[in-house]
>>> print(open('final.cif').read())   # mmCIF, N, CA and C atoms
data_input
loop_
_atom_site.label_atom_id
_atom_site.label_comp_id
_atom_site.auth_asym_id
_atom_site.auth_seq_id
_atom_site.Cartn_x
_atom_site.Cartn_y
_atom_site.Cartn_z
N MET A 181 0.83 -1.17 0.00
CA MET A 181 0.00 0.00 0.00
C MET A 181 0.88 1.23 0.00
N THR A 182 0.68 2.09 -0.97
CA THR A 182 1.49 3.29 -1.10
C THR A 182 0.65 4.50 -0.72
N THR A 183 1.23 5.35 0.10
CA THR A 183 0.55 6.58 0.46
C THR A 183 1.32 7.74 -0.13
N THR A 184 0.60 8.76 -0.51
CA THR A 184 1.24 9.96 -1.03
C THR A 184 1.10 11.07 -0.01
N ARG A 185 2.14 11.83 0.10
CA ARG A 185 2.12 12.95 1.03
C ARG A 185 1.64 14.19 0.31
N THR A 186 0.74 14.88 0.94
CA THR A 186 0.31 16.15 0.39
C THR A 186 0.97 17.25 1.20
N PRO A 187 1.49 18.26 0.53
CA PRO A 187 2.17 19.32 1.27
C PRO A 187 1.18 20.06 2.17
N THR A 188 1.66 20.41 3.34
CA THR A 188 0.82 21.17 4.26
C THR A 188 0.80 22.62 3.81
N ALA A 189 -0.29 23.26 4.06
CA ALA A 189 -0.43 24.66 3.67
C ALA A 189 0.41 25.53 4.61
N GLU A 190 1.38 26.21 4.06
CA GLU A 190 2.23 27.11 4.83
C GLU A 190 1.65 28.51 4.74
N PRO A 191 1.66 29.25 5.85
CA PRO A 191 1.17 30.62 5.78
C PRO A 191 2.11 31.47 4.93
N GLU A 192 1.55 32.44 4.25
CA GLU A 192 2.35 33.35 3.44
C GLU A 192 3.24 34.18 4.35
N ILE A 193 4.51 34.28 3.97
CA ILE A 193 5.46 35.06 4.74
C ILE A 193 6.03 36.11 3.80
N SER A 194 6.03 37.36 4.25
CA SER A 194 6.50 38.44 3.40
C SER A 194 8.02 38.35 3.22
N PRO A 195 8.55 38.94 2.14
CA PRO A 195 10.00 38.91 1.92
C PRO A 195 10.79 39.57 3.06
N GLN A 196 10.20 40.62 3.69
CA GLN A 196 10.90 41.26 4.81
C GLN A 196 11.04 40.31 5.98
N VAL A 197 9.99 39.55 6.27
CA VAL A 197 10.04 38.59 7.37
C VAL A 197 11.03 37.49 7.05
N THR A 198 11.05 37.03 5.79
CA THR A 198 11.98 35.99 5.39
C THR A 198 13.42 36.45 5.55
N LYS A 199 13.72 37.67 5.13
CA LYS A 199 15.08 38.20 5.26
C LYS A 199 15.45 38.36 6.73
N ALA A 200 14.52 38.87 7.53
CA ALA A 200 14.78 39.03 8.96
C ALA A 200 14.97 37.67 9.63
N ALA A 201 14.19 36.69 9.21
CA ALA A 201 14.32 35.35 9.78
C ALA A 201 15.67 34.74 9.44
N THR A 202 16.12 34.96 8.22
CA THR A 202 17.43 34.45 7.82
C THR A 202 18.53 35.07 8.66
N ILE A 203 18.46 36.36 8.87
CA ILE A 203 19.47 37.04 9.70
C ILE A 203 19.37 36.59 11.15
N ALA A 204 18.15 36.47 11.65
CA ALA A 204 17.96 36.05 13.05
C ALA A 204 18.41 34.61 13.27
N TYR A 205 18.34 33.78 12.23
CA TYR A 205 18.70 32.37 12.39
C TYR A 205 20.21 32.15 12.45
N LYS A 206 20.99 33.07 11.91
CA LYS A 206 22.45 32.87 11.83
C LYS A 206 23.08 32.47 13.17
N PRO A 207 22.86 33.20 14.26
CA PRO A 207 23.49 32.77 15.52
C PRO A 207 22.94 31.43 16.01
N PHE A 208 21.66 31.17 15.79
CA PHE A 208 21.09 29.88 16.18
C PHE A 208 21.69 28.76 15.35
N GLY A 209 21.84 29.01 14.05
CA GLY A 209 22.43 28.02 13.16
C GLY A 209 23.85 27.67 13.57
N LEU A 210 24.61 28.68 13.96
CA LEU A 210 25.98 28.44 14.43
C LEU A 210 25.96 27.60 15.70
N LEU A 211 25.09 27.94 16.62
CA LEU A 211 24.97 27.19 17.87
C LEU A 211 24.56 25.73 17.60
N PHE A 212 23.56 25.53 16.74
CA PHE A 212 23.12 24.18 16.42
C PHE A 212 24.24 23.39 15.74
N SER A 213 25.01 24.06 14.90
CA SER A 213 26.10 23.39 14.21
C SER A 213 27.17 22.92 15.19
N VAL A 214 27.53 23.77 16.15
CA VAL A 214 28.53 23.40 17.15
C VAL A 214 28.00 22.27 18.04
N LEU A 215 26.75 22.39 18.47
CA LEU A 215 26.16 21.33 19.30
C LEU A 215 26.07 20.00 18.54
N GLY A 216 25.70 20.06 17.28
CA GLY A 216 25.62 18.84 16.49
C GLY A 216 26.98 18.18 16.33
N GLY A 217 28.01 18.98 16.10
CA GLY A 217 29.36 18.43 15.98
C GLY A 217 29.84 17.81 17.28
N ALA A 218 29.56 18.49 18.40
CA ALA A 218 29.97 17.95 19.71
C ALA A 218 29.23 16.66 20.03
N LEU A 219 27.94 16.64 19.75
CA LEU A 219 27.14 15.44 19.99
C LEU A 219 27.62 14.28 19.13
N ALA A 220 27.95 14.56 17.88
CA ALA A 220 28.45 13.52 16.98
C ALA A 220 29.78 12.98 17.47
N ASN A 221 30.64 13.84 17.97
CA ASN A 221 31.94 13.42 18.48
C ASN A 221 31.78 12.50 19.69
N VAL A 222 30.90 12.87 20.61
CA VAL A 222 30.65 12.04 21.80
C VAL A 222 30.05 10.70 21.39
N ALA A 223 29.09 10.73 20.48
CA ALA A 223 28.45 9.48 20.03
C ALA A 223 29.46 8.56 19.37
N PHE A 224 30.34 9.11 18.53
CA PHE A 224 31.34 8.29 17.87
C PHE A 224 32.29 7.67 18.90
N GLY A 225 32.72 8.45 19.87
CA GLY A 225 33.61 7.92 20.91
C GLY A 225 32.97 6.76 21.66
N GLN A 226 31.70 6.89 22.00
CA GLN A 226 31.00 5.82 22.73
C GLN A 226 30.82 4.58 21.86
N ILE A 227 30.46 4.78 20.61
CA ILE A 227 30.28 3.65 19.71
C ILE A 227 31.61 2.95 19.46
N TRP A 228 32.67 3.72 19.28
CA TRP A 228 33.98 3.11 19.04
C TRP A 228 34.42 2.26 20.22
N LYS A 229 34.15 2.73 21.45
CA LYS A 229 34.51 1.95 22.64
C LYS A 229 33.79 0.61 22.65
N ARG A 230 32.55 0.58 22.18
CA ARG A 230 31.78 -0.67 22.17
C ARG A 230 32.19 -1.60 21.03
N VAL A 231 32.52 -1.02 19.88
CA VAL A 231 32.88 -1.81 18.71
C VAL A 231 34.30 -2.34 18.82
N SER A 232 35.17 -1.54 19.39
CA SER A 232 36.59 -1.88 19.48
C SER A 232 36.97 -2.07 20.95
N ASN A 233 38.08 -2.70 21.18
CA ASN A 233 38.58 -2.82 22.54
C ASN A 233 39.42 -1.62 22.95
N ALA A 234 39.62 -0.69 22.04
CA ALA A 234 40.44 0.49 22.31
C ALA A 234 39.61 1.58 22.97
N PRO A 235 40.19 2.32 23.92
CA PRO A 235 39.45 3.37 24.60
C PRO A 235 39.21 4.60 23.72
N THR A 236 40.09 4.83 22.74
CA THR A 236 39.93 5.98 21.85
C THR A 236 40.06 5.52 20.41
N PRO A 237 39.42 6.25 19.50
CA PRO A 237 39.52 5.89 18.08
C PRO A 237 40.93 6.18 17.56
N PRO A 238 41.34 5.50 16.50
CA PRO A 238 42.68 5.71 15.97
C PRO A 238 42.81 7.01 15.20
N ASN A 239 44.02 7.58 15.23
CA ASN A 239 44.35 8.70 14.36
C ASN A 239 44.90 8.12 13.07
N ALA A 240 44.88 8.89 12.01
CA ALA A 240 45.35 8.41 10.71
C ALA A 240 46.83 8.05 10.75
N THR A 241 47.60 8.69 11.61
CA THR A 241 49.05 8.44 11.66
C THR A 241 49.46 7.49 12.77
N ASP A 242 48.49 6.93 13.47
CA ASP A 242 48.78 6.03 14.58
C ASP A 242 49.21 4.66 14.05
N GLU A 243 50.46 4.28 14.33
CA GLU A 243 51.00 3.02 13.82
C GLU A 243 50.50 1.80 14.59
N ALA A 244 49.86 2.01 15.73
CA ALA A 244 49.37 0.88 16.53
C ALA A 244 48.15 0.23 15.89
N TYR A 245 47.51 0.90 14.96
CA TYR A 245 46.31 0.38 14.29
C TYR A 245 46.63 0.01 12.86
N SER A 246 45.91 -0.96 12.35
CA SER A 246 46.06 -1.33 10.94
C SER A 246 45.37 -0.28 10.06
N THR A 247 45.73 -0.28 8.80
CA THR A 247 45.10 0.64 7.85
C THR A 247 43.60 0.38 7.79
N ARG A 248 43.23 -0.88 7.85
CA ARG A 248 41.80 -1.24 7.82
C ARG A 248 41.05 -0.62 8.99
N GLU A 249 41.62 -0.70 10.20
CA GLU A 249 40.96 -0.11 11.38
C GLU A 249 40.86 1.41 11.27
N VAL A 250 41.91 2.04 10.78
CA VAL A 250 41.90 3.50 10.64
C VAL A 250 40.84 3.93 9.64
N LEU A 251 40.77 3.24 8.51
CA LEU A 251 39.78 3.59 7.49
C LEU A 251 38.35 3.29 7.95
N LEU A 252 38.17 2.19 8.64
CA LEU A 252 36.85 1.86 9.18
C LEU A 252 36.39 2.92 10.18
N ALA A 253 37.31 3.35 11.03
CA ALA A 253 36.98 4.39 12.00
C ALA A 253 36.62 5.70 11.29
N ALA A 254 37.35 6.03 10.23
CA ALA A 254 37.08 7.26 9.49
C ALA A 254 35.71 7.22 8.81
N VAL A 255 35.37 6.08 8.24
CA VAL A 255 34.06 5.93 7.58
C VAL A 255 32.93 6.04 8.62
N LEU A 256 33.09 5.34 9.72
CA LEU A 256 32.08 5.38 10.79
C LEU A 256 31.93 6.79 11.35
N GLN A 257 33.05 7.44 11.59
CA GLN A 257 33.02 8.79 12.14
C GLN A 257 32.36 9.76 11.17
N GLY A 258 32.68 9.68 9.90
CA GLY A 258 32.09 10.56 8.90
C GLY A 258 30.59 10.36 8.76
N ALA A 259 30.17 9.11 8.74
CA ALA A 259 28.74 8.81 8.60
C ALA A 259 27.96 9.30 9.82
N LEU A 260 28.48 9.02 11.01
CA LEU A 260 27.79 9.46 12.22
C LEU A 260 27.77 10.99 12.32
N PHE A 261 28.90 11.61 12.00
CA PHE A 261 28.97 13.06 12.07
C PHE A 261 27.96 13.70 11.13
N GLY A 262 27.92 13.22 9.88
CA GLY A 262 26.97 13.77 8.92
C GLY A 262 25.53 13.57 9.34
N LEU A 263 25.21 12.38 9.83
CA LEU A 263 23.84 12.07 10.26
C LEU A 263 23.41 12.92 11.45
N ILE A 264 24.22 12.93 12.49
CA ILE A 264 23.83 13.63 13.72
C ILE A 264 23.82 15.14 13.51
N LYS A 265 24.84 15.66 12.85
CA LYS A 265 24.90 17.11 12.63
C LYS A 265 23.73 17.58 11.77
N SER A 266 23.41 16.82 10.73
CA SER A 266 22.27 17.19 9.88
C SER A 266 20.95 17.13 10.65
N ALA A 267 20.79 16.11 11.48
CA ALA A 267 19.56 15.99 12.27
C ALA A 267 19.42 17.15 13.25
N VAL A 268 20.50 17.52 13.91
CA VAL A 268 20.45 18.63 14.88
C VAL A 268 20.21 19.94 14.15
N ASP A 269 20.90 20.18 13.03
CA ASP A 269 20.69 21.41 12.26
C ASP A 269 19.25 21.50 11.76
N ARG A 270 18.74 20.38 11.28
CA ARG A 270 17.37 20.36 10.74
C ARG A 270 16.34 20.64 11.84
N ALA A 271 16.51 19.98 12.97
CA ALA A 271 15.59 20.20 14.09
C ALA A 271 15.66 21.65 14.57
N GLY A 272 16.85 22.20 14.61
CA GLY A 272 17.01 23.59 15.03
C GLY A 272 16.33 24.54 14.06
N MET A 273 16.50 24.31 12.77
CA MET A 273 15.88 25.15 11.77
C MET A 273 14.36 25.08 11.87
N ARG A 274 13.84 23.87 12.05
CA ARG A 274 12.39 23.71 12.18
C ARG A 274 11.87 24.42 13.43
N GLY A 275 12.60 24.31 14.52
CA GLY A 275 12.18 24.98 15.75
C GLY A 275 12.15 26.49 15.61
N VAL A 276 13.17 27.05 14.98
CA VAL A 276 13.21 28.49 14.77
C VAL A 276 12.08 28.91 13.83
N GLN A 277 11.82 28.13 12.79
CA GLN A 277 10.71 28.44 11.89
C GLN A 277 9.38 28.47 12.65
N ARG A 278 9.16 27.46 13.48
CA ARG A 278 7.91 27.43 14.25
C ARG A 278 7.81 28.62 15.19
N LEU A 279 8.91 28.96 15.82
CA LEU A 279 8.92 30.11 16.74
C LEU A 279 8.62 31.40 15.99
N LEU A 280 9.21 31.58 14.83
CA LEU A 280 8.98 32.80 14.06
C LEU A 280 7.54 32.86 13.52
N ARG A 281 7.01 31.72 13.12
CA ARG A 281 5.62 31.72 12.64
C ARG A 281 4.64 32.03 13.75
N SER A 282 4.91 31.50 14.95
CA SER A 282 3.98 31.73 16.06
C SER A 282 4.05 33.15 16.58
N ARG A 283 5.18 33.82 16.38
CA ARG A 283 5.35 35.19 16.85
C ARG A 283 5.28 36.20 15.72
N GLY A 284 5.01 35.73 14.52
CA GLY A 284 4.98 36.63 13.36
C GLY A 284 3.80 37.59 13.40
N PRO A 285 3.79 38.52 12.47
CA PRO A 285 2.69 39.51 12.43
C PRO A 285 1.37 38.81 12.12
N ARG A 286 0.35 39.24 12.79
CA ARG A 286 -0.99 38.68 12.57
C ARG A 286 -1.74 39.55 11.57
N ALA A 287 -2.49 38.92 10.70
CA ALA A 287 -3.26 39.66 9.70
C ALA A 287 -4.57 40.13 10.26
#
>>> encode(input="final.cif", output="structure tokens")
Amino acid sequence: MTTTRTPTAEPEISPQVTKAATIAYKPFGLLFSVLGGALANVAFGQIWKRVSNAPTPPNATDEAYSTREVLLAAVLQGALFGLIKSAVDRAGMRGVQRLLRSRGPRA
């Protein structure tokens, strides 16, 4: 069974409000980006401890690890970082949009 999504009706937003929202979002976007990166780093460290017997992930120049382990760690770290950072950025953007819509000018 296939369902189709219908777009929800968005309220009209004037170009001035859109420009102001973009400017207002910049500091929030920076904050969300830093938080997403920090969260991704912590998550990767915890996952690496469970997957590997090592307390910390390998560095690219660390001779104690094989090339396979270093590359596997890099792939895992990149995937987790991209996923978590994008999710945090997206949630932050949605939250700011909702806040601006709820406080926007009333017609």
>>> closest_residue(input="final.cif", among="A:Met273, A:Gln257, A:Val222, A:Lys229", to="Gly209 in chain A", atoms="all atoms listed in the file")
A:Met273
>>> axis_aligned_box(input="final.cif", around="range 200-218 of chain A", padding_each_side="5 Å", output="JSON")
{"center_x": 22.1, "center_y": 27.8, "center_z": 13.8, "size_x": 25.8, "size_y": 32.4, "size_z": 22.5}
>>> closest_residue(input="final.cif", among="A:Lys206, A:Gly272, A:Lys265, A:Leu260", to="Gln226 in chain A", atoms="only C-alpha atoms")
A:Leu260
>>> atom_distance(input="final.cif", atom1="CA of Ala254 in chain A", atom2="CA of Gly216 in chain A")
17.7 Å
>>> atom_distance(input="final.cif", atom1="atom N of Phe261 in chain A", atom2="atom C of Ser213 in chain A")
11.9 Å
>>> residues_near_point(input="final.cif", point="(35.8, 7.1, 20.6)", cutoff="6 Å", atoms="only N, CA and C atoms", output="NGL selection string")
:A and (224-229 or 235-237)
>>> write_last_selection(input="final.cif", atoms="N, CA and C atoms", output="mmCIF file, in the coordinates of the input")
data_model
loop_
_atom_site.group_PDB
_atom_site.id
_atom_site.type_symbol
_atom_site.label_atom_id
_atom_site.label_comp_id
_atom_site.auth_asym_id
_atom_site.auth_seq_id
_atom_site.Cartn_x
_atom_site.Cartn_y
_atom_site.Cartn_z
ATOM 1 N N PHE A 224 30.340 9.110 18.530
ATOM 2 C CA PHE A 224 31.340 8.290 17.870
ATOM 3 C C PHE A 224 32.290 7.670 18.900
ATOM 4 N N GLY A 225 32.720 8.450 19.870
ATOM 5 C CA GLY A 225 33.610 7.920 20.910
ATOM 6 C C GLY A 225 32.970 6.760 21.660
ATOM 7 N N GLN A 226 31.700 6.890 22.000
ATOM 8 C CA GLN A 226 31.000 5.820 22.730
ATOM 9 C C GLN A 226 30.820 4.580 21.860
ATOM 10 N N ILE A 227 30.460 4.780 20.610
ATOM 11 C CA ILE A 227 30.280 3.650 19.710
ATOM 12 C C ILE A 227 31.610 2.950 19.460
ATOM 13 N N TRP A 228 32.670 3.720 19.280
ATOM 14 C CA TRP A 228 33.980 3.110 19.040
ATOM 15 C C TRP A 228 34.420 2.260 20.220
ATOM 16 N N LYS A 229 34.150 2.730 21.450
ATOM 17 C CA LYS A 229 34.510 1.950 22.640
ATOM 18 C C LYS A 229 33.790 0.610 22.650
ATOM 19 N N PRO A 235 40.190 2.320 23.920
ATOM 20 C CA PRO A 235 39.450 3.370 24.600
ATOM 21 C C PRO A 235 39.210 4.600 23.720
ATOM 22 N N THR A 236 40.090 4.830 22.740
ATOM 23 C CA THR A 236 39.930 5.980 21.850
ATOM 24 C C THR A 236 40.060 5.520 20.410
ATOM 25 N N PRO A 237 39.420 6.250 19.500
ATOM 26 C CA PRO A 237 39.520 5.890 18.080
ATOM 27 C C PRO A 237 40.930 6.180 17.560
#
>>> closest_residue(input="final.cif", among="A:Tyr205, A:Ala253, A:Tyr245, A:Lys199", to="Val276 in chain A", atoms="all atoms listed in the file")
A:Tyr205
>>> atom_distance(input="final.cif", atom1="CA of Arg248 in chain A", atom2="atom C of Ser232 in chain A")
14.0 Å
>>> select_by_dssp(input="final.cif", residues="range 221-276 of chain A", states="alpha helix (DSSP H)", output="PyMOL selection string")
chain A and resi 221-231+247-276
>>> residues_around(input="final.cif", residues="Leu251 in chain A", least_positions_apart="4", cutoff="10 Å", atoms="only C-alpha atoms", output="PyMOL selection string")
chain A and resi 238-240+245-247+255-257
>>> closest_residue(input="final.cif", among="A:Leu252, A:Ala259, A:Gly275, A:Asp269", to="Ala223 in chain A", atoms="only C-alpha atoms")
A:Ala259
